[in-house]
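For reference, final.txt (compact mmCIF, C-alpha atoms):
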```txt
# COMPACT_ATOMS: atom_id res chain seq x y z
CA MET A 1 0.00 0.00 0.00
CA THR A 2 2.93 2.33 0.62
CA ASP A 3 4.20 4.01 -2.49
CA HIS A 4 7.88 4.88 -2.05
CA ASN A 5 7.89 6.98 -5.21
CA SER A 6 5.07 9.30 -4.15
CA GLY A 7 7.36 11.58 -2.15
CA LEU A 8 4.92 11.55 0.79
CA SER A 9 6.07 10.63 4.26
CA ALA A 10 4.53 7.66 6.05
CA ASP A 11 2.76 10.07 8.42
CA THR A 12 1.22 11.98 5.51
CA GLN A 13 0.08 8.74 3.90
CA ALA A 14 -1.44 7.58 7.21
CA LEU A 15 -3.26 10.90 7.59
CA MET A 16 -4.60 10.66 4.05
CA ALA A 17 -5.76 7.08 4.68
CA PHE A 18 -7.49 8.20 7.88
CA GLU A 19 -9.28 11.08 6.14
CA ALA A 20 -10.40 8.75 3.34
CA ASN A 21 -11.74 6.06 5.69
CA LYS A 22 -13.09 7.92 8.71
CA LYS A 23 -16.82 7.84 9.33
CA SER A 24 -19.15 10.81 9.71
CA THR A 25 -21.64 11.11 12.56
CA GLY A 26 -24.05 13.02 10.30
CA VAL A 27 -24.03 10.31 7.66
CA ALA A 28 -24.56 7.64 10.32
CA PHE A 29 -27.61 9.48 11.70
CA LEU A 30 -29.04 9.95 8.20
CA LEU A 31 -28.59 6.26 7.50
CA TRP A 32 -30.23 5.44 10.83
CA PHE A 33 -33.21 7.62 9.95
CA PHE A 34 -33.73 6.38 6.39
CA THR A 35 -32.40 2.78 6.50
CA GLY A 36 -32.22 2.03 10.22
CA GLY A 37 -34.67 -0.85 10.02
CA LEU A 38 -32.42 -2.48 7.47
CA GLY A 39 -29.25 -1.90 9.51
CA GLY A 40 -27.84 0.70 7.11
CA HIS A 41 -26.08 2.71 9.82
CA ARG A 42 -24.45 -0.42 11.23
CA PHE A 43 -23.28 -1.58 7.81
CA TYR A 44 -21.75 1.90 7.34
CA LEU A 45 -19.89 1.64 10.65
CA GLY A 46 -18.54 -1.83 9.87
CA LYS A 47 -20.74 -3.65 12.38
CA THR A 48 -21.84 -6.21 9.82
CA GLY A 49 -23.01 -8.93 12.22
CA SER A 50 -25.48 -6.74 14.10
CA ALA A 51 -26.51 -5.06 10.84
CA VAL A 52 -27.46 -8.44 9.40
CA GLY A 53 -29.39 -9.11 12.63
CA GLN A 54 -31.39 -5.91 12.16
CA LEU A 55 -32.00 -6.74 8.52
CA VAL A 56 -33.24 -10.23 9.36
CA LEU A 57 -35.56 -8.90 12.10
CA SER A 58 -36.97 -6.35 9.68
CA VAL A 59 -37.55 -8.82 6.84
CA LEU A 60 -39.07 -11.46 9.13
CA GLY A 61 -41.22 -8.85 10.81
CA TRP A 62 -42.67 -7.40 7.62
CA VAL A 63 -43.12 -10.78 5.93
CA THR A 64 -45.07 -12.18 8.89
CA ILE A 65 -46.92 -8.99 9.91
CA TRP A 66 -50.18 -10.38 8.49
CA PHE A 67 -50.04 -13.23 10.99
CA VAL A 68 -49.39 -10.85 13.92
CA VAL A 69 -46.19 -12.84 14.50
CA GLY A 70 -44.35 -10.01 12.77
CA LEU A 71 -44.80 -7.83 15.84
CA LEU A 72 -42.56 -10.25 17.74
CA PHE A 73 -39.78 -9.19 15.36
CA LEU A 74 -40.62 -5.54 14.77
CA ILE A 75 -41.07 -4.47 18.41
CA PRO A 76 -37.56 -5.63 19.48
CA LEU A 77 -36.17 -4.06 16.29
CA GLY A 78 -37.83 -0.75 17.18
CA ILE A 79 -36.37 -0.84 20.69
CA TRP A 80 -32.94 -1.69 19.25
CA LEU A 81 -33.17 1.23 16.81
CA LEU A 82 -34.16 3.60 19.62
CA ILE A 83 -31.13 2.47 21.63
CA ASP A 84 -28.94 2.89 18.54
CA LEU A 85 -30.08 6.51 18.30
CA PHE A 86 -28.15 7.20 21.50
CA LEU A 87 -25.20 4.95 20.63
CA ILE A 88 -24.36 6.18 17.12
CA SER A 89 -22.05 9.03 18.21
CA GLY A 90 -20.00 6.65 20.35
CA MET A 91 -19.88 4.03 17.59
CA VAL A 92 -18.54 6.60 15.10
CA GLU A 93 -15.98 7.88 17.60
CA SER A 94 -14.90 4.32 18.41
CA HIS A 95 -14.56 3.42 14.72
CA ASN A 96 -12.44 6.51 14.01
CA ARG A 97 -10.25 5.93 17.08
CA GLU A 98 -9.62 2.28 16.09
CA LEU A 99 -8.83 3.38 12.54
CA MET A 100 -6.30 5.91 13.83
CA LEU A 101 -4.65 3.31 16.08
CA ARG A 102 -4.52 0.79 13.22
CA LEU A 103 -2.90 3.32 10.88
CA ASN A 104 -0.41 4.49 13.50
CA ALA A 105 0.54 0.89 14.31
CA ARG A 106 1.62 0.18 10.73
CA PRO A 107 5.30 -0.57 10.51
CA LYS A 108 7.34 2.20 9.02
CA ALA A 109 8.59 1.60 5.52
CA ALA A 110 12.01 -0.06 5.50
CA GLY A 111 13.24 2.13 2.68
CA SER A 112 12.33 5.38 4.42
CA GLN A 113 15.80 5.84 5.95
CA VAL A 114 17.42 5.15 2.60
CA ASP A 115 15.07 7.61 0.93
CA GLU A 116 15.83 10.30 3.51
CA LEU A 117 19.55 9.70 3.17
CA ALA A 118 19.27 9.98 -0.61
CA LYS A 119 17.44 13.30 -0.24
CA PHE A 120 20.18 14.67 2.02
CA ALA A 121 22.84 13.41 -0.40
CA ALA A 122 21.10 15.20 -3.25
CA LEU A 123 20.94 18.40 -1.19
CA ARG A 124 24.65 18.06 -0.43
CA ASP A 125 25.46 17.47 -4.10
CA GLN A 126 23.45 20.56 -5.06
CA GLY A 127 25.32 22.63 -2.49
CA ALA A 128 22.22 23.30 -0.38
CA ILE A 129 23.82 21.73 2.70
CA SER A 130 27.45 21.22 3.68
CA ASP A 131 29.27 17.92 4.05
CA ASP A 132 29.17 18.35 7.83
CA GLU A 133 25.40 18.86 7.81
CA TYR A 134 25.03 15.78 5.63
CA ASP A 135 27.14 13.75 8.06
CA VAL A 136 25.02 14.91 11.02
CA GLN A 137 21.82 13.88 9.24
CA LYS A 138 23.34 10.57 8.18
CA ARG A 139 24.34 9.76 11.77
CA ARG A 140 20.89 10.77 13.00
CA LEU A 141 19.17 8.50 10.46
CA LEU A 142 21.47 5.59 11.22
CA GLY A 143 21.06 6.04 14.98
CA GLU A 144 24.72 6.85 15.60
CA SER A 145 25.83 9.41 18.17
CA PRO A 146 27.19 12.69 16.78
CA THR A 147 30.91 13.22 16.75
CA PRO A 148 32.42 15.71 19.23
CA ALA A 149 33.14 18.10 16.35
CA THR A 150 29.45 18.34 15.44
CA VAL A 151 28.37 18.84 19.05
CA ASP A 152 30.51 21.99 19.42
CA ALA A 153 29.17 23.52 16.21
```

Show me, as structure tokens, the structure contained in the file I just sent.
Amino acid sequence: MTDHNSGLSADTQALMAFEANKKSTGVAFLLWFFTGGLGGHRFYLGKTGSAVGQLVLSVLGWVTIWFVVGLLFLIPLGIWLLIDLFLISGMVESHNRELMLRLNARPKAAGSQVDELAKFAALRDQGAISDDEYDVQKRRLLGESPTPATVDA
């Protein structure tokens, strides 16, 4: 998923992935209002199991409503939807928090140090930074301690 040629840091890519995949509270409430009985808001929030449960209750309830048995399905569904009305904000917040943790837990790209070092080498070759500055950055990227000469500077 990481594109080393994009020029974007891993943090920028993670932020872009978060923005593209985060869920909106407003959309969740709209889905609850218009498709709540079919579990639309739960499908949107990735809660597929409970969404299928709501869908099954709804279908069974409406198919058997003529036999009065349908009320045994529709009444619990109505109560569940009323409870969901108060839980949606927390579900959206929880989804977005888990998404952020998942994206931040991704291992950093192995080539990122090499890429950074290549950028500093190019800057040195262009004359934008000195050889000493390049050496300091190289040591930092490789996890080495700075030399006494660079500490005094």

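Each of A:Ala10, A:Leu72, A:Asp84, A:Leu55 was compared to Phe33 of chain A using all atoms listed in the file, and A:Asp84 turns out to be the nearest.
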
Using only C-alpha atoms, which residues of segment 53-118 of chain A come within 10 Å of segment 18-31 of chain A, and what is the closest atom pair for each, with the distance in Å to one decimal? Give it as CSV, sorted by chain and residue number.
```
residue,atom,partner,partner_atom,distance
A:Asp84,CA,A:Phe29,CA,9.6
A:Leu85,CA,A:Phe29,CA,7.6
A:Ile88,CA,A:Ala28,CA,7.0
A:Ser89,CA,A:Thr25,CA,6.0
A:Gly90,CA,A:Thr25,CA,9.1
A:Met91,CA,A:Thr25,CA,8.9
A:Val92,CA,A:Thr25,CA,6.0
A:Glu93,CA,A:Thr25,CA,8.2
A:Ser94,CA,A:Lys23,CA,9.9
A:His95,CA,A:Lys23,CA,7.3
A:Asn96,CA,A:Lys22,CA,5.5
A:Arg97,CA,A:Lys22,CA,9.1
A:Glu98,CA,A:Lys22,CA,9.9
A:Leu99,CA,A:Phe18,CA,6.8
A:Met100,CA,A:Phe18,CA,6.5
A:Leu101,CA,A:Phe18,CA,10.0
A:Arg102,CA,A:Phe18,CA,9.6
A:Leu103,CA,A:Phe18,CA,7.3
A:Asn104,CA,A:Phe18,CA,9.8
```

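Of the listed residues A:Met16, A:Leu57, A:Leu141, A:Ala122, the one whose atoms come nearest to Pro76 of chain A is A:Leu57, with distances taken using all atoms listed in the file.
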
Provide the atom CA of Leu74 of chain A to atom CA of Leu45 of chain A distance in Å, to one decimal place. 22.3 Å

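Minimum atom-to-atom distance to Leu87 of chain A, evaluated using all atoms listed in the file, belongs to A:Arg42 out of A:Arg42, A:Arg124, A:Asp115, A:Val69.
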
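Picture a line from atom CA of Gly46 of chain A to atom CA of Ile75 of chain A; it runs 24.2 Å.
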
Please compute the atom CA of Gln137 of chain A-atom CA of Thr12 of chain A distance, one decimal, in Å. 21.0 Å

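Close contacts of Leu38 of chain A, defined as residues with an atom at most 10 Å away when counting all atoms listed in the file, with chain neighbours fewer than 4 positions off set aside, comprise A:Leu31, A:Trp32, A:Phe34, A:Arg42, A:Phe43, A:Ala51, A:Val52, A:Gly53, A:Gln54, A:Leu55, A:Val56, A:Leu57, A:Ser58, A:Val59, A:Leu77.
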
Output file for the residues above (C-alpha atoms, as a CSV table (one decimal), in the coordinates of the input):
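The file below, out26.csv, is the result:
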```csv
chain,number,residue,atom,x,y,z
A,31,LEU,CA,-28.6,6.3,7.5
A,32,TRP,CA,-30.2,5.4,10.8
A,34,PHE,CA,-33.7,6.4,6.4
A,42,ARG,CA,-24.4,-0.4,11.2
A,43,PHE,CA,-23.3,-1.6,7.8
A,51,ALA,CA,-26.5,-5.1,10.8
A,52,VAL,CA,-27.5,-8.4,9.4
A,53,GLY,CA,-29.4,-9.1,12.6
A,54,GLN,CA,-31.4,-5.9,12.2
A,55,LEU,CA,-32.0,-6.7,8.5
A,56,VAL,CA,-33.2,-10.2,9.4
A,57,LEU,CA,-35.6,-8.9,12.1
A,58,SER,CA,-37.0,-6.4,9.7
A,59,VAL,CA,-37.6,-8.8,6.8
A,77,LEU,CA,-36.2,-4.1,16.3
```
